[in-house]
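Read the structure below first, then the notes.
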Amino acid sequence: MSPLTIQNPVTKLQGARSFLFVPGDRPERFSKAVASGADVVVLDLEDAVSEENKDAARLAVTAWLSGTGHALVRVGREEDVEALTGLPGLLGVMVPKAENPEALRRISEAVERPVIALIESASGVLAANSLASVPGVARLAFGELDLAADIAAQPNRRTMLMARSLLVLASRAQGLPGPVDGVTSKVDDDSLLKDDLHAALELGMSGKLLIHPRQVAVTHDAFRPSDEEVTWAQRVVESTKGGEAVVKVDGLMVDAPVLVRAQAILARAESVSTAPTSSFAGTP
């Protein structure tokens, strides 16, 4: 991949907790999205842009990525991929309705950047393991609203549980980070967002697609282990340093899986930081 003046794009995309969408035809919001503190800004050339504004959006996005801007781009058509090739600020490409591994490989090779496979259909869910195995794919993401429409179901947690779990298993099997969960569409409902994040974390998902800057801080806070979790994890790790064959912490036997979980909590606590609160008003 071509060198960037920023963090390695694969590393950045794989470590990101928050992916904030911004319509590609609203260039005045690009920098404001960056200022929100989101780990990754996603400039959208697909659903968020009306048909008559597609060309203008593509021009705005390519202009910004040709200058000082850095972002992931959700593409909608072949012309988008062609326009993004060689842009210095391109972090990667988000491919909607991902179903075909070969198509993902071609796009990644064309833009010389990693791909986020956005899975939004029954075919995509069933092909998740194959999609995650493509060398250019950095991560899987979940689009529950489109999937619900595809299978004529309600986009609630119960009906989407199997699909989310399959994405988690496919990601793990192919050595990818936990997938990125879909959007919480009620942007002014922090309680719902927190509940959605908690449910996603329980399943093994490790990121979230966002549609408003106000969701960034809540998302980052959810991925930060609590003080109680960190204290427990530290005690578990410390308990294994004595060399004893069997130790207990809070009555729980500490074996290899418990130690791995504790180490993961401490790693997460070390990597996350508080996102700044955005003053940006209005739906992106």
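Following the order of the structure tokens, first chain is A, next is B, and so on, with residues numbered from 1 inside each chain and ligands from 1 in the order they appear.
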Problem set entry | Shell around Glu112 (chain A) at 12 Å using only C-alpha atoms, local window under 6 positions removed, as a list in words | Met1, Ser2, Pro3, Leu4, Pro9, Val10, Val81, Glu82, Leu84, Thr85, Gly86, Leu87, Pro88, Leu90, Leu91, Gly92, Val93, Leu104, Arg105, Arg106, Pro135, Gly136 and Val137 of chain A
Written file, previous selection with N, CA, C and O atoms, as a short mmCIF file (atom, residue, chain, number, x, y, z; two decimals), in the first residue's frame:
data_model
loop_
_atom_site.label_atom_id
_atom_site.label_comp_id
_atom_site.auth_asym_id
_atom_site.auth_seq_id
_atom_site.Cartn_x
_atom_site.Cartn_y
_atom_site.Cartn_z
N MET A 1 0.84 -1.20 0.00
CA MET A 1 0.00 0.00 0.00
C MET A 1 0.87 1.25 0.00
O MET A 1 1.96 1.26 0.57
N SER A 2 0.40 2.29 -0.62
CA SER A 2 1.14 3.54 -0.67
C SER A 2 1.30 4.10 0.72
O SER A 2 0.41 4.00 1.56
N PRO A 3 2.45 4.75 1.02
CA PRO A 3 2.66 5.29 2.36
C PRO A 3 1.74 6.46 2.63
O PRO A 3 1.38 7.22 1.75
N LEU A 4 1.34 6.59 3.90
CA LEU A 4 0.54 7.71 4.33
C LEU A 4 1.33 8.52 5.35
O LEU A 4 2.24 8.01 5.99
N PRO A 9 -3.16 2.69 7.88
CA PRO A 9 -4.61 2.63 7.76
C PRO A 9 -5.23 1.34 8.30
O PRO A 9 -6.32 1.37 8.87
N VAL A 10 -4.55 0.21 8.12
CA VAL A 10 -5.09 -1.05 8.65
C VAL A 10 -5.14 -0.98 10.17
O VAL A 10 -6.16 -1.32 10.80
N VAL A 81 -15.03 4.33 -6.74
CA VAL A 81 -13.76 3.62 -6.54
C VAL A 81 -12.68 4.21 -7.43
O VAL A 81 -11.55 4.46 -7.00
N GLU A 82 -13.01 4.45 -8.68
CA GLU A 82 -12.04 5.00 -9.61
C GLU A 82 -11.56 6.38 -9.16
O GLU A 82 -10.36 6.70 -9.26
N LEU A 84 -11.32 7.53 -6.16
CA LEU A 84 -10.57 7.50 -4.91
C LEU A 84 -9.14 6.99 -5.08
O LEU A 84 -8.30 7.21 -4.20
N THR A 85 -8.87 6.34 -6.16
CA THR A 85 -7.56 5.74 -6.38
C THR A 85 -6.44 6.78 -6.32
O THR A 85 -6.49 7.78 -7.02
N GLY A 86 -5.46 6.54 -5.46
CA GLY A 86 -4.30 7.41 -5.38
C GLY A 86 -4.44 8.61 -4.47
O GLY A 86 -3.50 9.39 -4.34
N LEU A 87 -5.58 8.79 -3.81
CA LEU A 87 -5.76 9.96 -2.95
C LEU A 87 -4.98 9.77 -1.64
O LEU A 87 -5.15 8.76 -0.96
N PRO A 88 -4.18 10.74 -1.26
CA PRO A 88 -3.31 10.57 -0.08
C PRO A 88 -4.06 10.47 1.24
O PRO A 88 -3.57 9.86 2.19
N LEU A 90 -6.97 8.99 1.81
CA LEU A 90 -7.91 7.87 1.88
C LEU A 90 -7.43 6.82 2.88
O LEU A 90 -6.37 6.22 2.71
N LEU A 91 -8.22 6.59 3.94
CA LEU A 91 -7.89 5.54 4.91
C LEU A 91 -8.27 4.17 4.39
O LEU A 91 -7.62 3.16 4.68
N GLY A 92 -9.36 4.12 3.67
CA GLY A 92 -9.87 2.86 3.16
C GLY A 92 -11.24 3.06 2.56
O GLY A 92 -11.74 4.18 2.49
N VAL A 93 -11.84 1.96 2.16
CA VAL A 93 -13.15 2.00 1.51
C VAL A 93 -14.11 1.09 2.26
O VAL A 93 -13.77 -0.06 2.59
N LEU A 104 -14.49 -7.52 -3.22
CA LEU A 104 -13.75 -6.82 -2.17
C LEU A 104 -12.26 -6.80 -2.47
O LEU A 104 -11.58 -5.78 -2.28
N ARG A 105 -11.75 -7.91 -2.95
CA ARG A 105 -10.33 -7.98 -3.29
C ARG A 105 -9.99 -6.97 -4.38
O ARG A 105 -8.98 -6.25 -4.31
N ARG A 106 -10.83 -6.91 -5.42
CA ARG A 106 -10.58 -5.99 -6.53
C ARG A 106 -10.58 -4.54 -6.07
O ARG A 106 -9.74 -3.73 -6.48
N PRO A 135 -7.68 -10.93 1.82
CA PRO A 135 -6.51 -10.24 2.36
C PRO A 135 -6.69 -8.73 2.56
O PRO A 135 -6.13 -8.17 3.50
N GLY A 136 -7.45 -8.07 1.70
CA GLY A 136 -7.62 -6.63 1.83
C GLY A 136 -8.64 -6.18 2.85
O GLY A 136 -8.77 -4.98 3.12
N VAL A 137 -9.39 -7.11 3.43
CA VAL A 137 -10.45 -6.74 4.38
C VAL A 137 -9.86 -6.56 5.77
O VAL A 137 -9.25 -7.45 6.33
#
Exercise. Can you tell me, as a list of chain:residue names, what residues are no more than 8 Å from Leu43 (chain A) when counting only C-alpha atoms, ignoring any on the same chain fewer than 6 positions away?
Worked result: A:Phe21, A:Val22, A:Pro23, A:Gly24, A:Phe30, A:Val61, A:Ala71, A:Leu72, A:Val73, A:Arg74
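Those residues of region 64-105 of chain A that DSSP, working from the backbone, places in helix (DSSP H, G or I) are Trp64, Leu65, Ser66, Glu78, Glu79, Asp80, Val81, Glu82, Ala83, Leu84, Pro101, Glu102, Ala103, Leu104 and Arg105 of chain A.
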I need the chosen residues saved as a compact mmCIF listing (two decimals), in the first residue's frame, with C-alpha atoms.
# COMPACT_ATOMS: atom_id res chain seq x y z
CA TRP A 64 -10.89 16.98 0.69
CA LEU A 65 -8.88 13.76 0.56
CA SER A 66 -6.48 15.35 -1.92
CA GLU A 78 -17.68 1.94 -9.64
CA GLU A 79 -17.03 5.62 -10.44
CA ASP A 80 -16.48 6.26 -6.74
CA VAL A 81 -13.76 3.62 -6.54
CA GLU A 82 -12.04 5.00 -9.61
CA ALA A 83 -12.13 8.55 -8.23
CA LEU A 84 -10.57 7.50 -4.91
CA PRO A 101 -15.12 -11.82 -1.81
CA GLU A 102 -13.62 -11.26 -5.25
CA ALA A 103 -15.27 -7.83 -5.51
CA LEU A 104 -13.75 -6.82 -2.17
CA ARG A 105 -10.33 -7.98 -3.29
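Shortest atom-to-atom contact with Val180 (chain A) among A:Ala141, A:Val75, A:Leu259, A:Val249: A:Ala141, counting only C-alpha atoms.
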Could you make a table, as a tab-separated table, of the residues of region 115-137 of chain A that have an atom within 7 Å of an atom of region 157-178 of chain A, each with its nearest atom pair and distance in Å to one decimal, counting only C-alpha atoms, in chain and number order?
residue	atom	partner	partner_atom	distance
A:Val125	CA	A:Ala163	CA	6.2
A:Ala128	CA	A:Ala170	CA	5.9
A:Asn129	CA	A:Ala170	CA	4.6
A:Ala132	CA	A:Gln174	CA	6.1
A:Ser133	CA	A:Gln174	CA	5.7
Residues of the last selection are to be written out with all heavy atoms, as a compact mmCIF listing (two decimals), in the first residue's frame.
# COMPACT_ATOMS: atom_id res chain seq x y z
N VAL A 125 -24.37 -12.21 5.16
CA VAL A 125 -24.20 -12.87 6.45
C VAL A 125 -23.69 -14.29 6.26
O VAL A 125 -22.76 -14.75 6.95
CB VAL A 125 -25.52 -12.87 7.24
CG1 VAL A 125 -25.42 -13.76 8.48
CG2 VAL A 125 -25.91 -11.45 7.64
N ALA A 128 -20.03 -14.45 5.44
CA ALA A 128 -19.18 -13.64 6.32
C ALA A 128 -17.78 -14.21 6.47
O ALA A 128 -16.79 -13.47 6.45
CB ALA A 128 -19.84 -13.49 7.68
N ASN A 129 -17.66 -15.51 6.63
CA ASN A 129 -16.33 -16.09 6.82
C ASN A 129 -15.47 -15.90 5.58
O ASN A 129 -14.27 -15.58 5.69
CB ASN A 129 -16.46 -17.57 7.16
CG ASN A 129 -15.15 -18.16 7.65
OD1 ASN A 129 -14.60 -17.71 8.65
ND2 ASN A 129 -14.64 -19.15 6.94
N ALA A 132 -14.44 -12.21 5.36
CA ALA A 132 -13.42 -11.86 6.34
C ALA A 132 -12.05 -12.43 5.97
O ALA A 132 -11.03 -11.95 6.47
CB ALA A 132 -13.84 -12.36 7.72
N SER A 133 -12.03 -13.43 5.11
CA SER A 133 -10.76 -14.06 4.74
C SER A 133 -10.03 -13.34 3.62
O SER A 133 -8.87 -13.64 3.34
CB SER A 133 -11.01 -15.52 4.32
OG SER A 133 -11.66 -15.57 3.05
Can you list, as a PDB file with N, CA, C and O atoms, in the first residue's frame, every protein, DNA or RNA residue that comes within 6 Å of Gly207 (chain A) when you count only C-alpha atoms, leaving out same-chain residues fewer than 2 positions away?
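Produced file result.pdb, reproduced below:
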ATOM      1  N   ARG A  17     -13.013   2.485  17.504  1.00  0.00           N
ATOM      2  CA  ARG A  17     -14.267   2.189  18.201  1.00  0.00           C
ATOM      3  C   ARG A  17     -15.446   2.874  17.527  1.00  0.00           C
ATOM      4  O   ARG A  17     -16.560   2.357  17.511  1.00  0.00           O
ATOM      5  N   SER A  18     -15.233   4.059  16.984  1.00  0.00           N
ATOM      6  CA  SER A  18     -16.326   4.874  16.447  1.00  0.00           C
ATOM      7  C   SER A  18     -16.076   5.221  14.989  1.00  0.00           C
ATOM      8  O   SER A  18     -14.989   5.646  14.611  1.00  0.00           O
ATOM      9  N   VAL A 180     -17.869  -4.225  13.590  1.00  0.00           N
ATOM     10  CA  VAL A 180     -18.417  -2.913  13.922  1.00  0.00           C
ATOM     11  C   VAL A 180     -19.942  -3.014  13.877  1.00  0.00           C
ATOM     12  O   VAL A 180     -20.512  -3.387  12.846  1.00  0.00           O
ATOM     13  N   ASP A 181     -20.597  -2.685  14.975  1.00  0.00           N
ATOM     14  CA  ASP A 181     -22.047  -2.805  15.037  1.00  0.00           C
ATOM     15  C   ASP A 181     -22.722  -1.685  14.241  1.00  0.00           C
ATOM     16  O   ASP A 181     -22.132  -0.640  13.976  1.00  0.00           O
TER      17      ASP A 181
END
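You will find CA of Arg261 (chain A) at 9.5 Å from CA of Val236 (chain A).
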Could you write out, as a PDB file with N, CA, C and O atoms, in the first residue's frame, all the residues of region 69-177 of chain A that DSSP marks as strand (DSSP E)?
ATOM      1  N   ALA A  71      -9.979  10.168   5.723  1.00  0.00           N
ATOM      2  CA  ALA A  71     -11.270   9.544   6.031  1.00  0.00           C
ATOM      3  C   ALA A  71     -11.396   8.203   5.323  1.00  0.00           C
ATOM      4  O   ALA A  71     -10.689   7.898   4.353  1.00  0.00           O
ATOM      5  N   LEU A  72     -12.313   7.415   5.837  1.00  0.00           N
ATOM      6  CA  LEU A  72     -12.825   6.227   5.165  1.00  0.00           C
ATOM      7  C   LEU A  72     -13.955   6.707   4.261  1.00  0.00           C
ATOM      8  O   LEU A  72     -14.623   7.693   4.575  1.00  0.00           O
ATOM      9  N   VAL A  73     -14.168   6.049   3.149  1.00  0.00           N
ATOM     10  CA  VAL A  73     -15.248   6.454   2.239  1.00  0.00           C
ATOM     11  C   VAL A  73     -16.150   5.257   1.958  1.00  0.00           C
ATOM     12  O   VAL A  73     -15.664   4.186   1.568  1.00  0.00           O
ATOM     13  N   ARG A  74     -17.455   5.448   2.181  1.00  0.00           N
ATOM     14  CA  ARG A  74     -18.415   4.424   1.764  1.00  0.00           C
ATOM     15  C   ARG A  74     -18.788   4.706   0.319  1.00  0.00           C
ATOM     16  O   ARG A  74     -19.349   5.751  -0.006  1.00  0.00           O
ATOM     17  N   LEU A  90      -6.972   8.988   1.808  1.00  0.00           N
ATOM     18  CA  LEU A  90      -7.913   7.871   1.883  1.00  0.00           C
ATOM     19  C   LEU A  90      -7.427   6.824   2.880  1.00  0.00           C
ATOM     20  O   LEU A  90      -6.374   6.221   2.705  1.00  0.00           O
ATOM     21  N   LEU A  91      -8.218   6.589   3.939  1.00  0.00           N
ATOM     22  CA  LEU A  91      -7.891   5.542   4.907  1.00  0.00           C
ATOM     23  C   LEU A  91      -8.275   4.166   4.387  1.00  0.00           C
ATOM     24  O   LEU A  91      -7.619   3.163   4.679  1.00  0.00           O
ATOM     25  N   GLY A  92      -9.360   4.117   3.665  1.00  0.00           N
ATOM     26  CA  GLY A  92      -9.866   2.858   3.155  1.00  0.00           C
ATOM     27  C   GLY A  92     -11.240   3.059   2.563  1.00  0.00           C
ATOM     28  O   GLY A  92     -11.743   4.183   2.494  1.00  0.00           O
ATOM     29  N   VAL A  93     -11.845   1.955   2.159  1.00  0.00           N
ATOM     30  CA  VAL A  93     -13.149   1.999   1.505  1.00  0.00           C
ATOM     31  C   VAL A  93     -14.111   1.091   2.262  1.00  0.00           C
ATOM     32  O   VAL A  93     -13.773  -0.057   2.593  1.00  0.00           O
ATOM     33  N   MET A  94     -15.289   1.621   2.545  1.00  0.00           N
ATOM     34  CA  MET A  94     -16.359   0.796   3.097  1.00  0.00           C
ATOM     35  C   MET A  94     -17.254   0.361   1.952  1.00  0.00           C
ATOM     36  O   MET A  94     -17.792   1.197   1.219  1.00  0.00           O
ATOM     37  N   VAL A  95     -17.392  -0.943   1.800  1.00  0.00           N
ATOM     38  CA  VAL A  95     -18.174  -1.493   0.688  1.00  0.00           C
ATOM     39  C   VAL A  95     -19.536  -1.935   1.208  1.00  0.00           C
ATOM     40  O   VAL A  95     -19.628  -2.874   2.001  1.00  0.00           O
ATOM     41  N   VAL A 115     -10.220  -2.488   3.184  1.00  0.00           N
ATOM     42  CA  VAL A 115     -11.669  -2.441   2.972  1.00  0.00           C
ATOM     43  C   VAL A 115     -12.392  -2.824   4.258  1.00  0.00           C
ATOM     44  O   VAL A 115     -11.967  -3.729   4.975  1.00  0.00           O
ATOM     45  N   ILE A 116     -13.474  -2.108   4.535  1.00  0.00           N
ATOM     46  CA  ILE A 116     -14.425  -2.519   5.559  1.00  0.00           C
ATOM     47  C   ILE A 116     -15.618  -3.128   4.826  1.00  0.00           C
ATOM     48  O   ILE A 116     -16.253  -2.453   4.006  1.00  0.00           O
ATOM     49  N   ALA A 117     -15.906  -4.386   5.089  1.00  0.00           N
ATOM     50  CA  ALA A 117     -17.023  -5.069   4.430  1.00  0.00           C
ATOM     51  C   ALA A 117     -18.289  -4.844   5.245  1.00  0.00           C
ATOM     52  O   ALA A 117     -18.428  -5.383   6.344  1.00  0.00           O
ATOM     53  N   LEU A 118     -19.198  -4.043   4.716  1.00  0.00           N
ATOM     54  CA  LEU A 118     -20.456  -3.752   5.392  1.00  0.00           C
ATOM     55  C   LEU A 118     -21.483  -4.801   4.977  1.00  0.00           C
ATOM     56  O   LEU A 118     -21.935  -4.841   3.828  1.00  0.00           O
ATOM     57  N   ILE A 119     -21.852  -5.659   5.903  1.00  0.00           N
ATOM     58  CA  ILE A 119     -22.724  -6.799   5.612  1.00  0.00           C
ATOM     59  C   ILE A 119     -24.159  -6.420   5.933  1.00  0.00           C
ATOM     60  O   ILE A 119     -24.492  -6.113   7.082  1.00  0.00           O
ATOM     61  N   VAL A 137      -9.389  -7.110   3.431  1.00  0.00           N
ATOM     62  CA  VAL A 137     -10.451  -6.744   4.378  1.00  0.00           C
ATOM     63  C   VAL A 137      -9.864  -6.556   5.772  1.00  0.00           C
ATOM     64  O   VAL A 137      -9.252  -7.455   6.333  1.00  0.00           O
ATOM     65  N   ALA A 138     -10.059  -5.349   6.325  1.00  0.00           N
ATOM     66  CA  ALA A 138      -9.551  -5.038   7.659  1.00  0.00           C
ATOM     67  C   ALA A 138     -10.560  -5.368   8.744  1.00  0.00           C
ATOM     68  O   ALA A 138     -10.179  -5.624   9.890  1.00  0.00           O
ATOM     69  N   ARG A 139     -11.847  -5.379   8.369  1.00  0.00           N
ATOM     70  CA  ARG A 139     -12.876  -5.547   9.397  1.00  0.00           C
ATOM     71  C   ARG A 139     -14.233  -5.778   8.741  1.00  0.00           C
ATOM     72  O   ARG A 139     -14.467  -5.345   7.613  1.00  0.00           O
ATOM     73  N   LEU A 140     -15.131  -6.421   9.478  1.00  0.00           N
ATOM     74  CA  LEU A 140     -16.519  -6.546   9.070  1.00  0.00           C
ATOM     75  C   LEU A 140     -17.346  -5.507   9.824  1.00  0.00           C
ATOM     76  O   LEU A 140     -17.042  -5.150  10.959  1.00  0.00           O
ATOM     77  N   ALA A 141     -18.410  -5.027   9.184  1.00  0.00           N
ATOM     78  CA  ALA A 141     -19.369  -4.123   9.830  1.00  0.00           C
ATOM     79  C   ALA A 141     -20.766  -4.636   9.533  1.00  0.00           C
ATOM     80  O   ALA A 141     -20.988  -5.343   8.541  1.00  0.00           O
ATOM     81  N   PHE A 142     -21.697  -4.255  10.381  1.00  0.00           N
ATOM     82  CA  PHE A 142     -23.041  -4.811  10.314  1.00  0.00           C
ATOM     83  C   PHE A 142     -24.071  -3.732  10.010  1.00  0.00           C
ATOM     84  O   PHE A 142     -24.120  -2.692  10.677  1.00  0.00           O
TER      85      PHE A 142
END
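Comparing the minimum interatomic distances between Arg29 (chain A) and each of A:Ala152, A:Val183, A:Ala60, A:Val218, counting only C-alpha atoms, we find that A:Ala60 sits nearest.
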Exercise. Residues at most 12 Å from Asn53 (chain A), counting only C-alpha atoms, excluding those fewer than 5 positions away in the same chain, as a VMD selection string?
Worked result: chain A and resid 23 to 26 44 to 48 58 to 60
Exercise. Can you list, as a count of residues only, every protein, DNA or RNA residue that comes within 9 Å of Val187 (chain A) when you count only C-alpha atoms, leaving out same-chain residues fewer than 3 positions away?
Worked result: 9
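With only C-alpha atoms as the basis for measurement, A:Asp39 is the residue among A:Glu51, A:Asp195, A:Asp188, A:Asp39 that approaches Leu209 (chain A) most closely.
The spacing separating CA of Ser31 (chain A) from CA of Gly69 (chain A) amounts to 7.9 Å.
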Exercise. Using only C-alpha atoms, which residues sit within 8 Å of Ala33 (chain A) once same-chain residues fewer than 5 positions away are excluded, as a PyMOL selection string?
Worked result: chain A and resi 20+22+38+41+213+280
With N, CA and C atoms retained, write the just-selected residues as a compact mmCIF listing (two decimals), in the first residue's frame.
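Output file result04.txt follows:
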# COMPACT_ATOMS: atom_id res chain seq x y z
N LEU A 20 -17.93 7.57 12.28
CA LEU A 20 -18.96 8.60 12.16
C LEU A 20 -19.24 8.93 10.70
N VAL A 22 -20.70 10.97 7.53
CA VAL A 22 -20.99 12.34 7.09
C VAL A 22 -21.36 12.27 5.61
N ALA A 38 -14.32 11.42 16.81
CA ALA A 38 -14.54 10.06 16.29
C ALA A 38 -13.22 9.46 15.84
N VAL A 41 -13.73 9.02 10.53
CA VAL A 41 -14.81 9.71 9.82
C VAL A 41 -15.08 8.94 8.53
N PRO A 213 -22.44 13.37 15.74
CA PRO A 213 -21.29 13.59 16.63
C PRO A 213 -21.59 13.41 18.11
N PHE A 280 -20.85 20.49 17.45
CA PHE A 280 -21.49 20.46 16.14
C PHE A 280 -22.96 20.12 16.29
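For the residues A:Val258, A:Phe223, A:Leu192, A:Leu252, ranking by smallest atom-to-atom distance to Glu270 (chain A) using only C-alpha atoms places A:Phe223 first.
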For this session: Compile the contact shell of Met205 (chain A) as a ChimeraX atom specification: residues with an atom at most 6 Å away, counting only C-alpha atoms, same-chain residues fewer than 2 positions apart removed.
Result: /A:178-179,200-201,203
Those same residues, written as a tab-separated table (two decimals), in the first residue's frame with C-alpha atoms?
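Now in again.tsv:
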chain	number	residue	atom	x	y	z
A	178	GLY	CA	-14.57	-7.80	16.55
A	179	PRO	CA	-16.99	-6.42	13.97
A	200	ALA	CA	-22.88	-5.32	21.16
A	201	LEU	CA	-20.00	-5.59	23.61
A	203	LEU	CA	-21.55	-10.40	21.87
